[in-house]
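File shown: entry-v5.txt (compact mmCIF, C-alpha atoms and all ligand atoms).
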```
# COMPACT_ATOMS: atom_id res chain seq x y z
CA MET A 3 0.00 0.00 0.00
CA TRP A 4 1.26 3.46 -0.87
CA ARG A 5 2.46 5.67 1.99
CA PRO A 6 3.48 9.28 1.66
CA PRO A 7 7.27 9.70 1.79
CA THR A 8 8.79 11.13 4.96
CA PRO A 9 9.10 14.91 4.60
CA PRO A 10 12.68 16.12 4.01
CA SER A 11 12.61 18.09 7.29
CA LEU A 12 12.51 14.83 9.34
CA ARG A 13 14.98 12.75 7.37
CA GLU A 14 18.28 13.86 8.86
CA GLN A 15 17.06 13.39 12.44
CA ALA A 16 15.73 9.95 11.55
CA VAL A 17 18.94 8.74 9.93
CA ARG A 18 20.99 10.16 12.83
CA ALA A 19 18.84 8.11 15.24
CA TYR A 20 19.44 5.04 13.08
CA ILE A 21 23.20 5.57 13.15
CA THR A 22 23.06 5.98 16.94
CA GLY A 23 21.27 2.61 17.03
CA GLU A 24 24.07 1.03 14.99
CA VAL A 25 26.74 2.49 17.28
CA LEU A 26 24.92 1.27 20.41
CA CYS A 27 24.44 -2.24 19.00
CA ASP A 28 28.11 -2.39 18.00
CA ALA A 29 28.99 -1.45 21.59
CA GLY A 30 26.86 -4.35 22.90
CA LYS A 31 24.04 -2.09 24.15
CA VAL A 32 21.48 -3.95 22.09
CA ALA A 33 18.30 -2.91 23.93
CA GLN A 34 19.21 0.78 23.69
CA GLY A 35 20.24 0.29 20.09
CA ILE A 36 16.89 -1.25 19.21
CA ALA A 37 15.10 1.63 20.96
CA SER A 38 17.06 4.02 18.77
CA PHE A 39 16.17 2.07 15.60
CA LYS A 40 12.51 2.31 16.64
CA ALA A 41 12.83 6.05 17.18
CA ALA A 42 14.38 6.30 13.72
CA SER A 43 11.58 4.42 12.00
CA SER A 44 8.89 6.32 13.89
CA LEU A 45 10.35 9.47 12.32
CA ALA A 46 10.90 7.93 8.87
CA TRP A 47 8.95 4.73 8.16
CA GLU A 48 11.19 3.94 5.19
CA LEU A 49 14.05 3.05 7.56
CA ASP A 50 12.10 0.03 8.75
CA GLY A 51 12.22 -1.56 5.30
CA GLU A 52 14.92 -3.82 3.91
CA VAL A 53 15.45 -1.67 0.83
CA TRP A 54 15.95 1.99 1.58
CA PRO A 55 15.08 4.75 -0.87
CA ALA A 56 17.96 6.65 -2.45
CA TRP A 57 17.64 9.65 -0.11
CA ALA A 58 18.10 7.42 2.97
CA ARG A 59 21.11 5.56 1.55
CA GLU A 60 22.75 8.82 0.53
CA LEU A 61 22.06 10.55 3.84
CA HIS A 62 23.35 7.55 5.79
CA ALA A 63 26.62 7.56 3.82
CA LEU A 64 26.95 11.33 4.13
CA LEU A 65 26.41 11.39 7.89
CA LEU A 66 28.90 8.56 8.37
CA SER A 67 31.46 10.43 6.27
CA GLY A 68 31.15 13.49 8.50
CA ASP A 69 30.73 15.80 5.49
CA PRO A 70 28.27 18.68 5.95
CA VAL A 71 24.70 17.77 5.05
CA GLU A 72 23.18 19.95 2.41
CA THR A 73 20.91 18.91 -0.40
CA ALA A 74 22.58 19.86 -3.65
CA ALA A 75 20.46 21.26 -6.44
CA PRO A 76 20.52 19.03 -9.52
CA MET A 77 23.14 20.03 -12.02
CA LEU A 78 21.60 22.36 -14.59
CA VAL A 79 22.64 21.46 -18.12
CA GLY A 80 21.65 24.59 -20.00
CA ASP A 81 22.94 25.68 -23.41
CA ASP A 82 26.48 24.70 -22.51
CA VAL A 83 27.27 21.04 -21.96
CA ARG A 84 30.93 21.68 -21.02
CA ALA A 85 30.48 21.33 -17.26
CA LEU A 86 28.90 17.90 -17.72
CA HIS A 87 31.03 16.58 -20.58
CA PRO A 88 34.23 18.64 -20.94
CA GLN A 89 35.85 15.97 -23.09
CA LEU A 90 32.90 15.63 -25.46
CA ALA A 91 32.67 19.40 -25.86
CA ALA A 92 36.37 19.56 -26.75
CA LEU A 93 36.07 16.66 -29.20
CA ARG A 94 33.14 18.30 -30.92
CA GLY A 95 35.18 21.45 -31.45
CA ALA A 96 38.32 19.64 -32.59
CA CYS A 97 37.11 16.63 -34.54
CA PRO A 98 38.24 16.56 -38.19
CA THR A 99 34.96 14.94 -39.23
CA LEU A 100 33.05 18.00 -38.02
CA ALA A 101 32.38 18.91 -41.63
CA THR A 102 30.17 15.85 -41.95
CA ARG A 103 28.42 16.81 -38.68
CA GLU A 104 29.13 13.32 -37.40
CA TRP A 105 31.92 14.24 -35.01
CA TRP A 106 30.41 11.88 -32.40
CA ARG A 107 31.53 8.86 -34.46
CA SER A 108 35.14 9.27 -33.33
CA PRO A 109 36.28 6.46 -30.96
CA ASP A 110 37.09 9.00 -28.23
CA ALA A 111 33.63 10.54 -28.42
CA VAL A 112 31.96 7.12 -28.34
CA ALA A 113 34.12 6.13 -25.36
CA ALA A 114 33.19 9.34 -23.51
CA VAL A 115 29.46 8.74 -24.10
CA ALA A 116 29.83 5.10 -23.00
CA THR A 117 31.63 6.17 -19.82
CA SER A 118 28.89 8.62 -18.94
CA LEU A 119 26.18 5.99 -19.56
CA ARG A 120 28.08 3.59 -17.33
CA ARG A 121 28.68 6.06 -14.51
CA ARG A 122 25.59 8.25 -14.59
CA HIS A 123 23.14 6.22 -16.70
CA PHE A 124 22.79 9.17 -19.08
CA ALA A 125 24.76 11.25 -21.57
CA VAL A 126 24.06 14.46 -23.47
CA VAL A 127 25.35 14.91 -27.02
CA ASP A 128 24.97 18.43 -28.40
CA GLY A 129 25.30 19.16 -32.10
CA PHE A 130 24.11 15.66 -32.93
CA ALA A 131 22.48 16.35 -36.30
CA GLY A 132 24.02 19.72 -37.15
CA ALA A 133 22.54 23.20 -37.20
CA SER A 134 20.84 23.09 -40.60
CA ALA A 135 19.35 19.65 -39.92
CA ALA A 136 18.04 21.01 -36.59
CA VAL A 137 16.17 23.76 -38.44
CA ARG A 138 14.64 21.20 -40.82
CA LEU A 139 13.70 18.98 -37.89
CA ARG A 140 11.91 21.86 -36.15
CA GLY A 141 9.91 22.34 -39.37
CA ALA A 142 9.08 18.62 -39.43
CA CYS A 143 7.91 18.88 -35.79
CA LYS A 144 5.55 21.71 -36.66
CA ALA A 145 4.22 19.86 -39.73
CA ALA A 146 3.61 16.72 -37.66
CA SER A 147 1.68 18.75 -35.07
CA LEU A 148 -1.45 18.21 -37.16
CA HIS A 149 -1.38 14.51 -36.23
CA LEU A 150 -0.88 14.83 -32.49
CA ARG A 151 -3.25 13.43 -29.94
CA PRO A 152 -3.18 13.31 -26.14
CA ALA A 153 -0.59 10.85 -24.86
CA ALA A 154 -1.97 7.73 -23.22
CA ASP A 155 -1.52 7.60 -19.51
CA ARG A 156 1.03 4.90 -18.85
CA SER A 157 0.92 5.07 -15.06
CA ARG A 158 -1.46 7.47 -13.27
CA THR A 159 -4.31 9.52 -14.68
CA ASP A 160 -2.54 12.82 -13.95
CA ALA A 161 0.88 11.61 -15.11
CA ARG A 162 1.31 13.67 -18.28
CA SER A 163 -0.35 16.30 -20.40
CA ASP A 164 1.67 16.26 -23.65
CA GLN A 165 0.46 15.27 -27.11
CA VAL A 166 2.11 12.57 -29.22
CA CYS A 167 2.18 10.91 -32.62
CA TRP A 168 4.13 7.93 -33.99
CA ASP A 169 6.61 7.76 -36.81
CA PRO A 170 6.06 11.25 -38.24
CA ASP A 171 7.51 12.22 -41.63
CA GLY A 172 10.89 13.92 -41.79
CA PHE A 173 12.80 12.03 -39.08
CA GLY A 174 14.31 9.15 -41.05
CA GLU A 175 17.78 10.69 -41.20
CA LEU A 176 17.72 11.42 -37.49
CA SER A 177 16.71 7.88 -36.51
CA ALA A 178 19.44 6.53 -38.85
CA ARG A 179 21.89 8.64 -36.82
CA THR A 180 20.58 7.41 -33.48
CA ASP A 181 20.84 3.83 -34.80
CA ALA A 182 24.44 4.58 -35.76
CA ILE A 183 25.43 5.90 -32.33
CA VAL A 184 23.68 3.01 -30.57
CA ARG A 185 25.52 0.52 -32.78
CA LEU A 186 28.83 2.23 -32.01
CA LEU A 187 28.08 2.21 -28.28
CA ARG A 188 26.99 -1.41 -28.41
CA ALA A 189 30.32 -2.31 -29.96
CA ALA A 190 32.21 -0.18 -27.42
CA ASP A 191 32.55 -0.78 -23.69
CA CYS A 192 28.94 -0.08 -22.86
CA PRO A 193 27.45 -3.13 -21.12
CA ALA A 194 24.04 -1.50 -20.72
CA LEU A 195 23.58 -1.52 -24.51
CA ALA A 196 25.28 -4.82 -25.29
CA ALA A 197 21.96 -6.67 -25.62
CA VAL A 198 20.11 -4.11 -27.73
CA VAL A 199 18.48 -5.77 -30.74
CA GLY A 200 16.08 -3.17 -32.03
CA ARG A 201 14.03 -0.09 -31.39
CA GLN A 202 10.57 1.24 -31.69
CA LYS A 203 9.46 3.75 -34.28
CA PRO A 204 10.05 7.34 -33.18
CA MET A 205 7.45 9.05 -31.01
CA LEU A 206 7.11 12.81 -31.37
CA SER A 207 5.79 14.66 -28.33
CA ARG A 208 4.83 18.28 -27.92
CA TYR A 209 4.65 20.13 -24.62
CA ALA A 210 2.96 23.54 -24.64
CA ALA A 211 2.94 26.04 -21.76
CA GLY A 212 1.81 24.31 -18.57
CA ASP A 213 2.44 20.79 -19.90
CA PHE A 214 4.49 18.27 -17.93
CA PHE A 215 5.25 14.56 -17.59
CA ARG A 216 5.67 13.53 -13.98
CA ARG A 217 8.47 11.36 -12.68
CA HIS A 218 8.34 7.90 -14.20
CA VAL A 219 10.30 5.03 -15.66
CA ASP A 220 9.47 3.74 -19.13
CA ASN A 221 10.26 0.16 -18.32
CA ASP A 222 9.59 -1.48 -14.97
CA CYS A 223 12.10 -4.25 -15.57
CA ALA A 224 13.71 -5.48 -12.39
CA PRO A 225 17.24 -5.45 -11.75
CA ALA A 226 21.23 24.78 -29.08
CA GLY A 227 18.58 27.05 -28.67
CA ALA A 228 18.10 29.97 -26.27
CA TRP A 229 16.14 28.47 -23.44
CA ASP A 230 16.40 29.91 -19.96
CA ALA A 231 15.92 26.70 -18.05
CA SER A 232 15.41 28.46 -14.71
CA ALA A 233 12.66 30.71 -15.99
CA ASP A 234 11.15 28.67 -18.82
CA GLY A 235 10.95 25.25 -17.16
CA GLY A 236 10.59 22.22 -19.41
CA CYS A 237 13.88 20.58 -18.41
CA LEU A 238 14.20 16.82 -18.60
CA ARG A 239 15.00 15.99 -14.97
CA LEU A 240 17.00 12.79 -14.49
CA TYR A 241 17.05 11.10 -11.10
CA GLY A 242 19.42 8.67 -9.45
CA PRO A 243 18.55 4.96 -9.54
CA GLN A 244 15.56 3.75 -7.53
CA CYS A 245 15.04 0.25 -6.19
CA ALA A 246 13.28 -2.15 -8.51
CA THR A 247 10.33 -2.62 -6.19
CA ALA A 248 9.71 1.03 -5.34
CA ASP A 249 6.58 2.71 -6.60
CA SER A 250 7.81 5.88 -8.28
CA SER A 251 5.24 7.87 -6.31
CA GLU A 252 6.99 6.80 -3.10
CA GLU A 253 10.18 8.47 -4.13
CA ASP A 254 11.33 11.85 -3.02
CA GLU A 255 8.99 14.77 -2.77
CA GLU A 256 9.64 18.41 -3.42
CA GLU A 257 12.04 20.29 -1.23
CA GLU A 258 12.57 23.92 -2.09
CA ALA A 259 12.67 26.11 -5.17
CA VAL A 260 15.93 26.54 -7.09
CA GLY A 261 14.83 28.98 -9.76
CA VAL A 262 11.23 29.27 -10.81
CA GLY A 263 11.18 26.31 -13.14
CA ARG A 264 13.02 23.83 -10.95
CA ARG A 265 12.81 22.50 -7.44
CA ARG A 266 15.39 20.94 -5.21
CA CYS A 267 14.98 17.22 -4.71
CA ALA A 268 17.14 14.79 -2.80
CA ASP A 269 17.91 12.36 -5.61
CA ALA A 270 17.66 14.52 -8.72
CA GLN A 271 20.92 14.34 -10.69
CA ALA A 272 20.52 16.75 -13.57
CA ASP A 273 18.05 19.09 -15.28
CA ILE A 274 18.64 19.01 -19.03
CA ALA A 275 17.32 22.04 -20.89
CA PRO A 276 15.41 21.36 -24.12
CA VAL A 277 17.79 23.03 -26.56
CA ALA A 278 17.84 22.37 -30.30
CA ASP A 279 19.97 19.58 -31.76
CA ARG A 280 20.57 17.89 -28.41
CA LEU A 281 20.56 14.11 -28.05
CA VAL A 282 19.94 12.81 -24.53
CA LEU A 283 20.69 9.12 -24.07
CA PHE A 284 19.51 7.53 -20.85
CA LEU A 285 18.55 4.15 -19.42
CA ALA A 286 14.82 4.65 -19.06
CA ASP A 287 14.17 2.03 -16.37
CA GLN A 288 14.78 2.17 -12.61
CA ARG A 289 18.37 3.17 -13.27
CA CYS A 290 17.25 6.58 -14.43
CA PRO A 291 13.74 7.69 -13.41
CA HIS A 292 12.91 10.93 -15.20
CA GLU A 293 10.39 13.70 -15.56
CA VAL A 294 9.57 16.61 -17.86
CA LEU A 295 9.30 19.68 -15.61
CA PRO A 296 6.35 21.98 -16.39
CA ILE A 297 6.78 24.37 -19.29
CA LEU A 298 6.61 27.91 -17.91
CA ARG A 299 7.34 29.98 -20.99
CA PRO A 300 4.06 31.20 -22.51
CA ALA A 301 3.19 30.50 -26.14
CA THR A 302 6.01 28.04 -26.69
CA GLN A 303 6.24 24.47 -27.97
CA ARG A 304 8.78 21.99 -26.60
CA PHE A 305 9.18 19.17 -29.13
CA ALA A 306 11.00 15.93 -28.33
CA LEU A 307 11.55 12.90 -30.50
CA THR A 308 11.79 9.77 -28.37
CA ILE A 309 13.10 6.42 -29.59
CA TRP A 310 13.15 3.42 -27.27
CA TYR A 311 15.93 0.91 -27.97
CA THR A 312 15.20 -2.53 -26.69
CA ASP A 313 16.74 -5.87 -25.84
CA ALA A 314 14.90 -9.17 -26.26
CA SER A 315 12.98 -9.06 -22.94
CA PRO A 316 9.20 -9.44 -22.82
CA VAL A 317 7.00 -6.45 -23.61
CA PRO A 318 6.34 -4.23 -20.56
CA GLU A 319 2.68 -4.73 -19.70
CA PHE A 320 1.68 -1.08 -19.57
CA TRP A 321 2.87 -0.58 -23.14
CA ALA A 322 1.25 -3.70 -24.49
CA THR A 323 -2.11 -2.53 -23.15
CA SER A 324 -1.79 1.15 -24.02
CA GLY A 325 -4.18 2.34 -26.72
CA THR A 326 -1.91 4.94 -28.30
CA HIS A 327 1.48 3.27 -28.03
CA ASP A 328 2.81 1.89 -31.33
CA GLY A 329 5.18 -0.85 -30.24
CA THR A 330 6.22 -1.92 -33.74
CA LEU A 331 9.75 -3.28 -33.56
CA VAL A 332 12.48 -2.17 -35.95
CA PRO A 333 15.53 -4.47 -35.71
CA LEU A 334 18.81 -2.66 -35.33
CA ASP A 335 20.52 -4.93 -37.82
CA GLY A 336 18.90 -6.33 -40.94
CA GLU A 337 15.53 -5.69 -42.53
CA ALA A 338 12.72 -3.80 -40.81
CA CYS A 339 9.88 -6.02 -39.67
CA ASP A 340 6.33 -5.26 -38.62
CA MET A 341 5.20 -6.65 -35.30
CA PRO A 342 2.15 -4.51 -34.47
CA GLY A 343 1.46 -4.19 -30.76
CA SER A 344 4.66 -5.87 -29.76
CA ILE A 345 8.04 -4.67 -28.59
CA SER A 346 10.90 -6.53 -27.08
CA GLY A 347 11.59 -4.75 -23.83
CA MET A 348 14.26 -2.21 -23.07
O1 LIG B 1 10.44 14.58 -23.66
C1 LIG B 1 11.33 14.12 -22.95
O2 LIG B 1 12.38 14.74 -22.73
C2 LIG B 1 11.17 12.74 -22.31
C3 LIG B 1 9.76 12.25 -22.35
C4 LIG B 1 9.59 10.90 -21.70
O3 LIG B 1 10.19 10.61 -20.69
C5 LIG B 1 8.68 9.89 -22.30
O4 LIG B 1 7.98 10.22 -23.28
O5 LIG B 1 8.62 8.76 -21.79
FE FE B 2 10.01 8.51 -20.22
```
Same coordinates, now as structure tokens:
Amino acid sequence: MWRPPTPPSLREQAVRAYITGEVLCDAGKVAQGIASFKAASSLAWELDGEVWPAWARELHALLLSGDPVETAAPMLVGDDVRALHPQLAALRGACPTLATREWWRSPDAVAAVATSLRRRHFAVVDGFAGASAAVRLRGACKAASLHLRPAADRSRTDARSDQVCWDPDGFGELSARTDAIVRLLRAADCPALAAVVGRQKPMLSRYAAGDFFRRHVDNDCAPAGAWDASADGGCLRLYGPQCATADSSEEDEEEEAVGVGRRRCADAQADIAPVADRLVLFLADQRCPHEVLPILRPATQRFALTIWYTDASPVPEFWATSGTHDGTLVPLDGEACDMPGSISGM
């Protein structure tokens, strides 16, 4: 049964009580130690469970380390990706294949993306299609807007308010590029992608002012434009891993504002601004829960093209039953095949 998460204001006290319990038990004062554990779980019920949420694990480690406790704001990845990926930014500027706009094919760039996927479960590649392609893609987004319809709710009725359509015209070159980078990563040292066998057709989504997509995972499998992200909202927020059994609604709640369009949150890792020609790769299961923060800029349209790459696992149930989700599988190698209503996991 769902229980509201412990408010951030009680967490530190609760974890301190838990640590006191551990110290007392280690010293042989078991009865006092157990009393302290009970005090801890009466403050934060999550501490009674076998699997702690990310905020509790992190706070426990932090308090033991003696470092000062302060909740960091998620890293804001605005127009400039240098702070996140200094090496990738340098490679993009220096790569001799820049003229072909496929600078990310270089082995060093692929290795840097693979390292980020391994360490953080996400990577951001700016300048992925090239500036003129980005302008054409924006035009294709607007043209496809005629075919949009409200996205199916894949989890809760109030989960999302964007509009979507499947396999719109004008994105073939882009999906050929994403196939290429996934193939390169699969062949590189990127264990998370080693088993990828195919992908779905691209889904275009549009978020207008006020639209959002709450925190979610897309697979419950067990184990360069001018956008002021602080004022305009609409960032893709990526969280740290959650445990396989956790209901996403049990995860961390809001803490405090960090700029109008963002809020501090214990396990948020990064807020990625929706700038043109940006590819965001992430592992869309429990390793990287994510959310589209509400769009605050009036009269704007945030377009995103989403492609799910999959391994050969069974189809996630919520997709198989969703009315609007086209799960047709496109193999990554070989001829395209039509398997309406079926995908192979992710
Ligand atoms: O638009 C985005 O940045 C991500 C949207 C998303 O998470 C989804 O459609 O499942
Ligand atoms: Fe998603």
| field | Residues within 8 Å of ligand FE 2 (chain B), counting all atoms listed in the file, as a list in words | value |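 Counting only what the definition allows, namely all atoms listed in the file, the set is His218, Val219, Asp220, Ala286, Pro291, His292 and Glu293 of chain A.
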Export, as a JSON list (two decimals), keeping the file's coordinate frame, the selected residues with C-alpha atoms.
```json
[["chain", "number", "residue", "atom", "x", "y", "z"],
["A", 218, "HIS", "CA", 8.34, 7.90, -14.20],
["A", 219, "VAL", "CA", 10.30, 5.03, -15.66],
["A", 220, "ASP", "CA", 9.47, 3.74, -19.13],
["A", 286, "ALA", "CA", 14.82, 4.65, -19.06],
["A", 291, "PRO", "CA", 13.74, 7.69, -13.41],
["A", 292, "HIS", "CA", 12.91, 10.93, -15.20],
["A", 293, "GLU", "CA", 10.39, 13.70, -15.56]]
```
| Proximity to Arg289 of chain A - best of A:Arg162, A:Arg121, A:Gln34, A:Leu150, all atoms listed in the file |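 Among the listed residues, the smallest separation from Arg289 of chain A belongs to A:Arg121.
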| message | Considering all atoms listed in the file, can you say which of A:Val53, A:Ala278, A:Ala194, A:Ala182 comes closest to Leu307 of chain A? | response |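 Of A:Val53, A:Ala278, A:Ala194, A:Ala182, the one nearest Leu307 of chain A, counting all atoms listed in the file, is A:Ala278.
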| request: Measure the distance from atom CA of Val83 of chain A to atom CA of Ile274 of chain A in Å and round it to one decimal. | output: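 That distance, rounded to one decimal, is 9.3 Å.
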For Arg280 of chain A, please output as an mmCIF file with C-alpha atoms, in the frame of the given file all residues within 8 Å (counting all atoms listed in the file; exclusion window: fewer than 4 positions along the same chain).
```cif
data_model
loop_
_atom_site.group_PDB
_atom_site.id
_atom_site.type_symbol
_atom_site.label_atom_id
_atom_site.label_comp_id
_atom_site.auth_asym_id
_atom_site.auth_seq_id
_atom_site.Cartn_x
_atom_site.Cartn_y
_atom_site.Cartn_z
ATOM 1 C CA VAL A 126 24.060 14.460 -23.470
ATOM 2 C CA VAL A 127 25.350 14.910 -27.020
ATOM 3 C CA ASP A 128 24.970 18.430 -28.400
ATOM 4 C CA GLY A 129 25.300 19.160 -32.100
ATOM 5 C CA PHE A 130 24.110 15.660 -32.930
ATOM 6 C CA ALA A 226 21.230 24.780 -29.080
ATOM 7 C CA PRO A 276 15.410 21.360 -24.120
#
```
| message | Which residues are near Cys167 of chain A? Cut-off 9 Å, all atoms listed in the file, ignore same chain within fewer than 6 positions. Put them as a ChimeraX atom specification. | response | /A:146-147,149-153,204-207,326-327
| task | Write out as a ChimeraX atom specification each polymer residue whose atoms come within 12 Å of segment 211-215 of chain A, counting all atoms listed in the file; drop sequence neighbours fewer than 6 positions from it. | result | /A:152-165,234-239,263,291-305
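When all atoms listed in the file are used to measure the gap to ligand LIG 1 (chain B), the shortest distance among A:Gly329, A:Asp335, A:Leu186, A:Val166 belongs to A:Val166.
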